[in-house]
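Right, one structure below, let's go through it.
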Amino acid sequence: MIYPFLFLSLLAADPTPDQHKLLKTFWDEFVAIVPREAKLQSFSIAKYEVPQNLWQAVMGNNPSRWKGARNSVEMVSLDEAKAFCRKVTELLQAASLIDRGQVVRLPTEAEWEFAARAGTTTKYSFGDDPKRLTDYGWFTGNAAGNDPAVGAKKPNPWGLYDVHGYLWEWIASDDQSGDSEKRAVIRGGSWKDKAEDLASSSRRAVSPRLRDDAVGLRCVLTAVTTPSTAASNEFRPTAQEKIVPPGAKLETVWEAGDFTEGPALAPDGSILFSDIGDSIYRYDPKTGKTELFRRPSGRANGLIFNSRGDLIACEGANTGGNRRISITTGINDAKDGTVKTLADRYEGKRFNSPNDLAIDAAGNVYFTDPRYVGGEPRELDFEAVFLVAPGGAVKIATRDVTKPNGILVSPDGKTVYVADNNPQGNRYLVAFAVKTDGTLQGKRVLFDFGGGRGIDGMALDVAGNIYAAAGTRDKAGLYVFDPSGQPLAFLTTPGDPTNCDFGGDSDASTLYITCANSHDAGTKYGLYRVKLNATGYHVVKLN
């Protein structure tokens, strides 16, 4: 479905402080939905129906019969609901809470019902017993008007309130006929209706001009999918020599590994990297020596140092794999330090195979948890990006990915980039906005590698540009993107690259790359480096 207002150039004055506060609350309350149905794309949906204080701040009026700042707004027609979506999009963009690639709109019927059911097949999202309805919705059995604030009842299993009752909710329509009598659709039931009209399947056809104190709206937030913003699988560099000096070639540092991964700058300026054959090695630029740092490594893959100089490692699955995020303190140059578990479970279930990680300025660790190899029984039936607080508390950052791999946090901490690299599906570079609680929303596909080998690991420079290890054979190399996904430069590698990271201090423009040394049978993996016209970005503080 194409929404005509998506093509408008949206301009708005900067929001006032009061507007900004309400807009921030609205943005924080969206819930990411990841459909398992091919006909639906991922979207985020508002936890609550639009309240009157937000409507007033956006539209400058309050048409509601039943007044209350956090009561759902009512007495709005379909066109007025759409106008609110357009204006709130403009204000959210002006407030830098969303970007030009995102839009607020009404849900489609399929989106609304998928979110309202929350994975259930029963009459209501809480089961089939209408006697339980009084705990979840306002209807004729417990309401005398539209008096309560949003969220007074229990939510559905996905955290959405008032999907049963309170107000009917307008559904998107792409009708362009101009016929004001054409029938529109509302969903969910209201405080004026009986229990049987509040089922997940409840719908009514009404006039789009209808204004009633039992009809309001709920919004969704999605990426704009138009020809001008759609990601492409054609990589055409636009700033090659600004990033890669003419004649730049990779220098071999070490090439005796089985499968090298996860280069990470240490506080002493050395580069640690994994050989997933169960070792971690340390390269010292001062001496030019590469030596064994740790064995066994728990099948360490992605590595990173935090601002305190602790080593955080993704330890994966397969024989000897610890399936955890470990933290090593007391590292001093080549000294191994003390290894402890930072996190190894989510809600009591072991991780699939922690793969790669990133860290923000506050020390929160984002890590990806796919399963590519390893025959151990899986305890989680999904693959996700997780967030680990410095104290070890774990929560899901997003499930809006199919097989997450490389991951980065932007220098300003507002965006997380993820490589969704599924050999049987998505091969995307995607970006998420970071919410106040650290979770991720507003997925945008920045680049689609199509049928080619997608991104493994990634690094950042101080300008926020993304250095992505991807491709195979003649397309194997480092793909450089700006923060919006615009292709900047490409650097060929001798074999399939796996990951990369910049050095520090005088080495800060040197990109270290873990990579195969050829595409031939029996190839070995190693560590390589190249001098670029860029300066690497790190959270780690050098000694």
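Each chain in the structure tokens gets a letter, A, B, ..., in the order shown, and its residues are numbered from 1; ligands are numbered from 1 in order too.
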TODO: Considering only C-alpha atoms, return as a VMD selection string whatever protein or nucleic-acid residues lie within 10 Å of Thr439 (chain A), sequence-local ones (same chain, fewer than 3 positions apart) excluded.
DONE: chain A and resid 28 32 366 385 to 387 395 to 398 416 432 to 436
Open item on the list: Please list as a ChimeraX atom specification every residue within 8 Å of region 190-201 of chain A, counting only C-alpha atoms and excluding residues in the same chain fewer than 4 positions away.
Closed with: /A:113,116-117,123-125,130,133,138-141,143-146,163-168,214-215
Write a file of the just-selected residues containing C-alpha atoms, as a short mmCIF file (atom, residue, chain, number, x, y, z; two decimals), in the first residue's frame.
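In the end it all went to selection-v4.cif:
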```
data_model
loop_
_atom_site.label_atom_id
_atom_site.label_comp_id
_atom_site.auth_asym_id
_atom_site.auth_seq_id
_atom_site.Cartn_x
_atom_site.Cartn_y
_atom_site.Cartn_z
CA GLU A 113 -5.00 -7.42 14.01
CA ALA A 116 -3.78 -6.90 18.77
CA ARG A 117 -3.75 -10.71 18.75
CA LYS A 123 -11.24 -14.88 20.67
CA TYR A 124 -9.45 -12.29 22.75
CA SER A 125 -5.72 -11.79 23.23
CA PRO A 130 -15.45 -12.93 28.20
CA LEU A 133 -12.66 -8.84 29.73
CA TRP A 138 -13.66 -0.83 28.83
CA PHE A 139 -17.09 -1.90 27.51
CA THR A 140 -20.77 -1.69 28.47
CA GLY A 141 -20.16 -3.98 31.42
CA ALA A 143 -17.82 1.83 31.61
CA ALA A 144 -20.23 4.76 31.80
CA GLY A 145 -18.25 6.99 29.45
CA ASN A 146 -14.82 7.68 28.03
CA VAL A 163 -6.95 -3.13 22.04
CA HIS A 164 -10.20 -4.54 23.43
CA GLY A 165 -12.67 -1.71 23.99
CA TYR A 166 -12.22 1.87 25.19
CA LEU A 167 -12.33 3.34 21.65
CA TRP A 168 -12.75 1.97 18.16
CA ALA A 214 -16.31 6.05 20.87
CA VAL A 215 -13.82 6.42 17.96
#
```
- [ ] Run DSSP on the backbone of this structure and report the residues of region 178-378 of chain A it assigns to helix (DSSP H, G or I), as a count of residues only.
- [x] 8
Open item on the list: Can you tell me which residues surround Thr368 (chain A) at a distance of at most 7 Å, considering only C-alpha atoms, apart from same-chain residues fewer than 3 positions away, and format the answer as an NGL selection string?
Closed with: :A and (354-357 or 384-386 or 404-405)
Task: Residue neighbourhood Tyr372 (chain A), 9 Å, only C-alpha atoms, exclusion window fewer than 5 positions, as a list in words - done: Ala317, Ser353 and Lys403 of chain A
Open item on the list: For Ser44 (chain A), find every residue with an atom within 8 Å (counting only C-alpha atoms), except residues of its own chain fewer than 3 positions away, and show them as an MDAnalysis selection string.
Closed with: chainID A and resid 30:33 220:222 441:442
Task: Every residue of region 52-218 of chain A that DSSP places in strand (DSSP E), as a VMD selection string - done: chain A and resid 102 to 105 168 to 170 184 to 187 203 to 206 215 to 216
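Remark: for Ala313 (chain A), the closest of the candidate residues A:Lys289, A:Thr338, A:Val76, A:Phe367 is A:Phe367 (distances computed over only C-alpha atoms).
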With only C-alpha atoms as the counted atoms, please give the residues lying no more than 8 Å from Tyr161 (chain A), apart from itself and same-chain residues fewer than 3 positions off, as a compact mmCIF listing (two decimals) with N, CA and C atoms, in the first residue's frame.
```
# COMPACT_ATOMS: atom_id res chain seq x y z
N LYS A 47 1.91 1.99 22.03
CA LYS A 47 1.43 1.22 23.17
C LYS A 47 0.01 1.64 23.55
N TYR A 48 -0.29 2.94 23.34
CA TYR A 48 -1.59 3.49 23.73
C TYR A 48 -2.28 4.15 22.53
N GLU A 49 -3.59 4.31 22.64
CA GLU A 49 -4.30 5.19 21.72
C GLU A 49 -3.81 6.62 21.94
N TYR A 136 -9.19 -6.25 31.03
CA TYR A 136 -8.42 -5.85 29.86
C TYR A 136 -9.03 -4.70 29.05
N VAL A 150 -5.56 6.47 29.35
CA VAL A 150 -5.08 5.30 28.60
C VAL A 150 -4.26 4.40 29.52
N GLY A 151 -4.32 3.11 29.27
CA GLY A 151 -3.48 2.17 30.01
C GLY A 151 -3.98 1.81 31.39
N LYS A 153 -6.19 -0.48 32.10
CA LYS A 153 -6.43 -1.92 32.15
C LYS A 153 -5.15 -2.68 31.82
N LYS A 154 -5.20 -4.00 31.85
CA LYS A 154 -4.04 -4.81 31.55
C LYS A 154 -3.73 -4.78 30.04
N PRO A 155 -2.47 -4.91 29.66
CA PRO A 155 -2.12 -4.94 28.25
C PRO A 155 -2.25 -6.33 27.66
N ASN A 156 -2.19 -6.41 26.33
CA ASN A 156 -2.13 -7.73 25.69
C ASN A 156 -0.72 -8.29 25.85
```
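Considering only C-alpha atoms, the residue among A:Val50, A:Ile276, A:Ala266, A:Ala362 positioned nearest to Leu542 (chain A) is A:Ala266.
Closest approach to Val409 (chain A) among A:Thr514, A:Glu383, A:Tyr537, A:Lys524: A:Tyr537, based on only C-alpha atoms.
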Please list as a PDB file with C-alpha atoms, in the first residue's frame every residue within 12 Å of Ala83 (chain A), counting only C-alpha atoms and excluding residues in the same chain fewer than 6 positions away.
```
ATOM      1  CA  PHE A   5       1.760  11.851   1.947  1.00  0.00           C
ATOM      2  CA  TRP A  55      -3.397  15.702  20.096  1.00  0.00           C
ATOM      3  CA  VAL A  58       0.174  18.644  17.680  1.00  0.00           C
ATOM      4  CA  MET A  59      -3.142  19.918  16.282  1.00  0.00           C
ATOM      5  CA  VAL A  76     -12.121  12.752  15.098  1.00  0.00           C
ATOM      6  CA  SER A  77     -12.836  11.736  11.501  1.00  0.00           C
ATOM      7  CA  THR A  89       5.660  13.031  11.667  1.00  0.00           C
ATOM      8  CA  GLU A  90       6.816  16.571  10.855  1.00  0.00           C
ATOM      9  CA  VAL A 104       3.909   7.897  11.476  1.00  0.00           C
ATOM     10  CA  ARG A 105       0.625   6.662   9.983  1.00  0.00           C
ATOM     11  CA  LEU A 106      -2.488   4.668  10.816  1.00  0.00           C
ATOM     12  CA  ALA A 172      -5.532   3.239   7.171  1.00  0.00           C
ATOM     13  CA  LEU A 217      -6.807   6.283  16.780  1.00  0.00           C
ATOM     14  CA  CYS A 219      -0.447   5.048  15.311  1.00  0.00           C
TER      15      CYS A 219
END
```
- [ ] Report the distance between CA of Pro494 (chain A) and CA of Trp254 (chain A) in Å, rounded to one decimal place.
- [x] 13.5 Å
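Relative to CA of Val88 (chain A), CA of His20 (chain A) is found at 10.9 Å.
If you measure from each of A:Gln52, A:Asn499, A:Thr492, A:Thr252 to Ile466 (chain A) using only C-alpha atoms, the closest one turns out to be A:Asn499.
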TODO: For each of A:Gly337, A:Gly277, A:Gly503, A:Pro285, take the minimum atom-to-atom distance to Thr319 (chain A), counting only C-alpha atoms, then give the residue where this is smallest.
DONE: A:Gly277
- [ ] Return the single residue from A:Gly504, A:Gly348, A:Pro107, A:Gly137 that is closest to Lys82 (chain A), with distances computed using only C-alpha atoms.
- [x] A:Pro107
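For the pair CA of Leu527 (chain A) and CA of Asp412 (chain A), the interatomic distance is 29.1 Å.
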